[in-house]
Amino acid sequence: MKIASFNINGIKARIEALPAWLAEAKPDVVCLQEIKSVDDAFPRALFEDMGYRVETHGMKSFNGVAILSRLPLEDVTRGLPGDDEDIQARWIEATVIGDKGALRICGLYLPNGNPVPGPKYDYKLAWMARMQARVQALLATEEPLAFYGDYNVIPEPQDAAKPEAWVNDALFLPETRAAYRRIVNLGLTDAFRVRVPGPGNYTFWDYQAGAWERNNGIRIDHLLLSPQAADRLVDVGIDKGVRGLEKPSDHVPIWAELSI
DNA sequence: ATGCCATCCAATGGATGA
């Protein structure tokens, strides 16, 4: 199955670009971030008519995640465990039923965290600790797992065109990268990085200052796989061309083909 | 650079993003 992650920066603004990419890329499952819509306002029928089941976890104005799937979904849950006070819509899980087995997929929109220091950065680090606990709990099942989404983390200097510009940013601070490594080091595989070494692979280009035209990008959207899912990894890619089309998101889709 | 662009909501600007 081909599974993608795409931060669309608003479903209303991407009402043409998202279906166009789906028709071209034909993913079986897509994790969306920043739908910026309440569940009732999400244009479900548009995607159902294309053959996708639609599961949303939205809120007014900001954040919001969703899973679109042409394969059956079971046991959909919403929200990242660990803080009943947290009302931000950033986490959704579902079990996808493939031809050769099941995959538990978690779609996530990890907090940005800027400015640093401050409550937003504290929230980011606390959220990452909660995610670490959730990943650890799921890994105990020894089932194939996929954690797809916008991590708002630049893992290494080679993941930014200008790493020096990010040294004081919440996406690249040593404490952020260490928190990200604590998650990866539970035993997850960065599906893109194990297949494509080297610099120059980005998933985000700012709208400002001609970042796209200058290829001033960063790699912050990641596909992390549990050992049982990584065993099934067939191919990966970043659909970079989407960034140059009409009315694009500032992120582009990233995908992996798994033999499941 | 501390917001050059974009989005959303609501109001003719503010909050947010990365």
# chains A, B, ... in the order shown; residues from 1 in each chain; ligands from 1
>>> interface_residues(of="chain A", to="chain B", cutoff="8 Å", atoms="only C-alpha atoms (C1' of nucleotides)", output="ChimeraX atom specification")
/A:9-10,13,36,61-62,112,114,152,171,206-209
>>> select_by_dssp(residues="segment 80-167 of chain A", states="strand (DSSP E)", output="number ranges by chain")
A: 91-97, 102-109, 145-150
>>> select_by_dssp(residues="segment 83-251 of chain A", states="helix (DSSP H, G or I)", output="ChimeraX atom specification")
/A:119-139,157-159,163-166,174-184,191-195,227-230,240-244
>>> write_last_selection(atoms="N, CA and C atoms", output="compact mmCIF listing (two decimals), in the first residue's frame")
# COMPACT_ATOMS: atom_id res chain seq x y z
N PRO A 119 5.84 29.50 26.54
CA PRO A 119 4.87 28.42 26.75
C PRO A 119 4.68 27.53 25.52
N LYS A 120 4.85 28.09 24.33
CA LYS A 120 4.67 27.27 23.13
C LYS A 120 5.79 26.24 22.99
N TYR A 121 6.99 26.63 23.39
CA TYR A 121 8.09 25.66 23.34
C TYR A 121 7.93 24.61 24.44
N ASP A 122 7.48 25.04 25.60
CA ASP A 122 7.21 24.09 26.68
C ASP A 122 6.17 23.06 26.23
N TYR A 123 5.14 23.56 25.53
CA TYR A 123 4.09 22.68 25.03
C TYR A 123 4.64 21.68 24.01
N LYS A 124 5.52 22.16 23.14
CA LYS A 124 6.12 21.28 22.14
C LYS A 124 6.87 20.13 22.82
N LEU A 125 7.72 20.46 23.78
CA LEU A 125 8.52 19.43 24.44
C LEU A 125 7.64 18.47 25.24
N ALA A 126 6.62 19.01 25.89
CA ALA A 126 5.71 18.14 26.64
C ALA A 126 4.95 17.22 25.69
N TRP A 127 4.55 17.76 24.55
CA TRP A 127 3.83 16.97 23.54
C TRP A 127 4.72 15.83 23.03
N MET A 128 6.00 16.15 22.81
CA MET A 128 6.93 15.13 22.32
C MET A 128 7.13 14.03 23.36
N ALA A 129 7.14 14.39 24.63
CA ALA A 129 7.25 13.38 25.68
C ALA A 129 6.02 12.48 25.69
N ARG A 130 4.84 13.09 25.47
CA ARG A 130 3.61 12.30 25.40
C ARG A 130 3.64 11.38 24.19
N MET A 131 4.15 11.89 23.06
CA MET A 131 4.24 11.05 21.87
C MET A 131 5.18 9.87 22.12
N GLN A 132 6.29 10.17 22.79
CA GLN A 132 7.24 9.09 23.10
C GLN A 132 6.56 7.98 23.89
N ALA A 133 5.75 8.36 24.85
CA ALA A 133 5.05 7.36 25.67
C ALA A 133 4.05 6.57 24.81
N ARG A 134 3.36 7.25 23.92
CA ARG A 134 2.39 6.57 23.05
C ARG A 134 3.09 5.60 22.09
N VAL A 135 4.21 6.05 21.52
CA VAL A 135 4.97 5.18 20.61
C VAL A 135 5.45 3.93 21.36
N GLN A 136 5.95 4.16 22.57
CA GLN A 136 6.46 3.03 23.36
C GLN A 136 5.34 2.02 23.64
N ALA A 137 4.17 2.52 23.97
CA ALA A 137 3.04 1.63 24.26
C ALA A 137 2.64 0.84 23.02
N LEU A 138 2.61 1.50 21.87
CA LEU A 138 2.22 0.81 20.64
C LEU A 138 3.28 -0.19 20.19
N LEU A 139 4.55 0.14 20.40
CA LEU A 139 5.62 -0.77 20.00
C LEU A 139 5.53 -2.10 20.74
N PRO A 157 21.64 18.79 10.39
CA PRO A 157 22.00 19.94 9.54
C PRO A 157 21.74 19.70 8.06
N GLN A 158 21.94 18.49 7.58
CA GLN A 158 21.74 18.21 6.15
C GLN A 158 20.27 18.29 5.75
N ASP A 159 19.38 18.42 6.73
CA ASP A 159 17.95 18.52 6.43
C ASP A 159 17.48 19.96 6.28
N PRO A 163 21.26 25.54 7.43
CA PRO A 163 21.10 25.15 8.84
C PRO A 163 21.47 26.26 9.80
N GLU A 164 22.40 27.13 9.41
CA GLU A 164 22.81 28.21 10.31
C GLU A 164 21.68 29.17 10.61
N ALA A 165 20.67 29.22 9.73
CA ALA A 165 19.54 30.13 9.93
C ALA A 165 18.56 29.58 10.97
N TRP A 166 18.74 28.34 11.40
CA TRP A 166 17.75 27.68 12.26
C TRP A 166 18.28 27.37 13.65
N PRO A 174 18.99 21.99 19.94
CA PRO A 174 19.48 20.70 20.42
C PRO A 174 18.46 19.94 21.27
N GLU A 175 17.71 20.68 22.10
CA GLU A 175 16.72 20.01 22.97
C GLU A 175 15.59 19.39 22.14
N THR A 176 15.21 20.08 21.05
CA THR A 176 14.19 19.55 20.15
C THR A 176 14.69 18.28 19.46
N ARG A 177 15.91 18.36 18.95
CA ARG A 177 16.47 17.22 18.22
C ARG A 177 16.68 16.04 19.15
N ALA A 178 17.05 16.32 20.39
CA ALA A 178 17.23 15.23 21.36
C ALA A 178 15.90 14.56 21.67
N ALA A 179 14.84 15.37 21.80
CA ALA A 179 13.51 14.80 22.06
C ALA A 179 13.05 13.96 20.89
N TYR A 180 13.35 14.41 19.68
CA TYR A 180 13.02 13.64 18.48
C TYR A 180 13.81 12.32 18.45
N ARG A 181 15.09 12.39 18.80
CA ARG A 181 15.91 11.16 18.82
C ARG A 181 15.41 10.19 19.87
N ARG A 182 14.90 10.70 20.99
CA ARG A 182 14.39 9.77 22.00
C ARG A 182 13.22 8.96 21.44
N ILE A 183 12.44 9.57 20.55
CA ILE A 183 11.34 8.84 19.91
C ILE A 183 11.89 7.84 18.89
N VAL A 184 12.76 8.33 18.01
CA VAL A 184 13.32 7.45 16.97
C VAL A 184 14.08 6.28 17.61
N ALA A 191 11.81 6.36 7.22
CA ALA A 191 11.68 5.64 5.95
C ALA A 191 12.36 6.38 4.80
N PHE A 192 12.26 7.69 4.81
CA PHE A 192 12.88 8.44 3.72
C PHE A 192 14.40 8.39 3.82
N ARG A 193 14.92 8.63 5.02
CA ARG A 193 16.36 8.77 5.19
C ARG A 193 17.12 7.47 4.93
N VAL A 194 16.53 6.34 5.25
CA VAL A 194 17.24 5.08 5.02
C VAL A 194 17.30 4.76 3.52
N ARG A 195 16.44 5.37 2.74
CA ARG A 195 16.44 5.11 1.29
C ARG A 195 17.19 6.17 0.50
N PRO A 227 9.73 -1.60 13.56
CA PRO A 227 10.53 -2.64 12.88
C PRO A 227 9.70 -3.51 11.94
N GLN A 228 8.50 -3.89 12.38
CA GLN A 228 7.68 -4.78 11.55
C GLN A 228 7.16 -4.07 10.31
N ALA A 229 7.03 -2.75 10.36
CA ALA A 229 6.63 -2.00 9.16
C ALA A 229 7.85 -1.71 8.28
N ALA A 230 8.98 -1.42 8.90
CA ALA A 230 10.20 -1.14 8.12
C ALA A 230 10.61 -2.35 7.30
N LYS A 240 7.91 16.71 -4.76
CA LYS A 240 8.39 18.09 -4.73
C LYS A 240 7.69 18.99 -5.74
N GLY A 241 7.33 18.43 -6.88
CA GLY A 241 6.75 19.24 -7.95
C GLY A 241 5.47 19.95 -7.56
N VAL A 242 4.77 19.41 -6.57
CA VAL A 242 3.51 20.01 -6.11
C VAL A 242 3.72 21.45 -5.65
N ARG A 243 4.92 21.73 -5.13
CA ARG A 243 5.19 23.08 -4.58
C ARG A 243 5.20 24.14 -5.69
N GLY A 244 5.45 23.73 -6.92
CA GLY A 244 5.52 24.69 -8.02
C GLY A 244 4.22 24.87 -8.78
>>> closest_residue(among="A:Thr189, A:Arg104, A:Leu73, A:Gly64", to="Ile87 of chain A", atoms="only C-alpha atoms")
A:Gly64
>>> closest_residue(among="A:Tyr148, A:Asp40, A:Ala161, A:Ile238", to="Asn216 of chain A", atoms="only C-alpha atoms")
A:Ala161
>>> decode(residues="segment 10-139 of chain A", atoms="C-alpha atoms", output="CSV table (one decimal), in the first residue's frame")
chain,number,residue,atom,x,y,z
A,10,GLY,CA,-6.1,24.6,5.1
A,11,ILE,CA,-8.6,22.4,3.3
A,12,LYS,CA,-10.6,25.3,2.0
A,13,ALA,CA,-7.5,26.8,0.4
A,14,ARG,CA,-6.5,23.4,-1.1
A,15,ILE,CA,-9.9,22.4,-2.3
A,16,GLU,CA,-8.5,22.1,-5.9
A,17,ALA,CA,-4.9,21.2,-5.3
A,18,LEU,CA,-5.5,18.3,-3.0
A,19,PRO,CA,-7.9,16.3,-5.3
A,20,ALA,CA,-5.5,17.1,-8.2
A,21,TRP,CA,-2.6,15.6,-6.4
A,22,LEU,CA,-4.7,12.5,-5.2
A,23,ALA,CA,-5.7,11.8,-8.8
A,24,GLU,CA,-2.1,12.0,-9.9
A,25,ALA,CA,-0.3,10.2,-7.0
A,26,LYS,CA,-3.1,7.7,-6.3
A,27,PRO,CA,-2.1,7.0,-2.6
A,28,ASP,CA,-4.1,4.3,-0.8
A,29,VAL,CA,-3.9,6.2,2.5
A,30,VAL,CA,-3.1,9.9,3.2
A,31,CYS,CA,-2.5,11.6,6.5
A,32,LEU,CA,-3.4,15.2,6.3
A,33,GLN,CA,-2.3,18.0,8.7
A,34,GLU,CA,-3.4,21.5,9.2
A,35,ILE,CA,-6.9,21.0,7.8
A,36,LYS,CA,-7.9,24.1,9.7
A,37,SER,CA,-11.5,23.0,9.8
A,38,VAL,CA,-14.1,21.7,12.1
A,39,ASP,CA,-15.2,18.1,11.3
A,40,ASP,CA,-18.6,19.2,10.1
A,41,ALA,CA,-17.1,21.7,7.6
A,42,PHE,CA,-14.7,19.2,6.0
A,43,PRO,CA,-15.7,18.5,2.4
A,44,ARG,CA,-16.1,14.7,2.9
A,45,ALA,CA,-18.2,14.0,-0.2
A,46,LEU,CA,-15.5,15.3,-2.5
A,47,PHE,CA,-13.1,12.7,-1.3
A,48,GLU,CA,-15.7,9.9,-0.8
A,49,ASP,CA,-16.6,10.4,-4.5
A,50,MET,CA,-12.9,9.6,-5.3
A,51,GLY,CA,-13.1,6.4,-3.3
A,52,TYR,CA,-11.7,7.5,0.0
A,53,ARG,CA,-13.0,6.9,3.5
A,54,VAL,CA,-12.7,10.1,5.5
A,55,GLU,CA,-11.8,10.3,9.2
A,56,THR,CA,-11.2,13.8,10.6
A,57,HIS,CA,-10.1,15.3,13.9
A,58,GLY,CA,-10.5,19.0,13.4
A,59,MET,CA,-11.0,22.2,15.3
A,60,LYS,CA,-11.8,25.8,14.4
A,61,SER,CA,-9.2,27.9,12.6
A,62,PHE,CA,-6.0,26.0,13.4
A,63,ASN,CA,-4.3,22.6,13.4
A,64,GLY,CA,-6.5,19.6,12.6
A,65,VAL,CA,-5.6,16.2,11.2
A,66,ALA,CA,-7.3,13.6,9.0
A,67,ILE,CA,-6.9,10.3,7.4
A,68,LEU,CA,-8.2,9.5,3.9
A,69,SER,CA,-8.1,5.8,2.9
A,70,ARG,CA,-9.2,3.7,0.0
A,71,LEU,CA,-8.6,0.6,2.2
A,72,PRO,CA,-10.8,-0.3,5.1
A,73,LEU,CA,-10.2,1.5,8.4
A,74,GLU,CA,-10.8,0.1,11.9
A,75,ASP,CA,-10.4,1.3,15.5
A,76,VAL,CA,-10.1,5.0,14.7
A,77,THR,CA,-9.1,7.1,17.7
A,78,ARG,CA,-8.6,10.8,18.1
A,79,GLY,CA,-6.2,12.8,20.3
A,80,LEU,CA,-2.8,12.1,21.8
A,81,PRO,CA,-3.1,10.5,25.2
A,82,GLY,CA,-1.4,12.0,28.3
A,83,ASP,CA,-3.1,15.4,28.9
A,84,ASP,CA,-6.9,15.7,29.2
A,85,GLU,CA,-6.5,19.5,29.2
A,86,ASP,CA,-5.0,19.5,25.7
A,87,ILE,CA,-7.7,20.5,23.2
A,88,GLN,CA,-5.5,21.0,20.2
A,89,ALA,CA,-6.3,18.6,17.3
A,90,ARG,CA,-3.0,17.1,16.4
A,91,TRP,CA,-3.2,13.3,16.5
A,92,ILE,CA,-5.4,10.6,14.9
A,93,GLU,CA,-4.9,6.8,14.7
A,94,ALA,CA,-6.5,4.1,12.6
A,95,THR,CA,-5.8,0.5,11.6
A,96,VAL,CA,-5.6,0.1,7.8
A,97,ILE,CA,-6.5,-3.3,6.5
A,98,GLY,CA,-4.2,-4.2,3.6
A,99,ASP,CA,-4.0,-7.2,1.3
A,100,LYS,CA,-1.3,-8.9,3.3
A,101,GLY,CA,-2.1,-7.7,6.8
A,102,ALA,CA,-2.9,-4.7,9.0
A,103,LEU,CA,-1.0,-1.5,9.7
A,104,ARG,CA,-1.7,0.8,12.7
A,105,ILE,CA,-1.2,4.4,11.3
A,106,CYS,CA,-0.8,7.5,13.5
A,107,GLY,CA,-1.2,10.8,11.7
A,108,LEU,CA,0.4,13.7,13.7
A,109,TYR,CA,0.9,17.5,13.6
A,110,LEU,CA,3.7,18.1,16.1
A,111,PRO,CA,3.6,21.7,17.6
A,112,ASN,CA,5.9,24.3,16.1
A,113,GLY,CA,7.1,25.6,19.4
A,114,ASN,CA,8.2,29.1,18.5
A,115,PRO,CA,9.0,31.5,20.0
A,116,VAL,CA,11.7,30.1,22.3
A,117,PRO,CA,11.7,30.3,25.2
A,118,GLY,CA,8.0,30.4,26.2
A,119,PRO,CA,4.9,28.4,26.8
A,120,LYS,CA,4.7,27.3,23.1
A,121,TYR,CA,8.1,25.7,23.3
A,122,ASP,CA,7.2,24.1,26.7
A,123,TYR,CA,4.1,22.7,25.0
A,124,LYS,CA,6.1,21.3,22.1
A,125,LEU,CA,8.5,19.4,24.4
A,126,ALA,CA,5.7,18.1,26.6
A,127,TRP,CA,3.8,17.0,23.5
A,128,MET,CA,6.9,15.1,22.3
A,129,ALA,CA,7.3,13.4,25.7
A,130,ARG,CA,3.6,12.3,25.4
A,131,MET,CA,4.2,11.0,21.9
A,132,GLN,CA,7.2,9.1,23.1
A,133,ALA,CA,5.0,7.4,25.7
A,134,ARG,CA,2.4,6.6,23.1
A,135,VAL,CA,5.0,5.2,20.6
A,136,GLN,CA,6.5,3.0,23.4
A,137,ALA,CA,3.0,1.6,24.3
A,138,LEU,CA,2.2,0.8,20.6
A,139,LEU,CA,5.6,-0.8,20.0
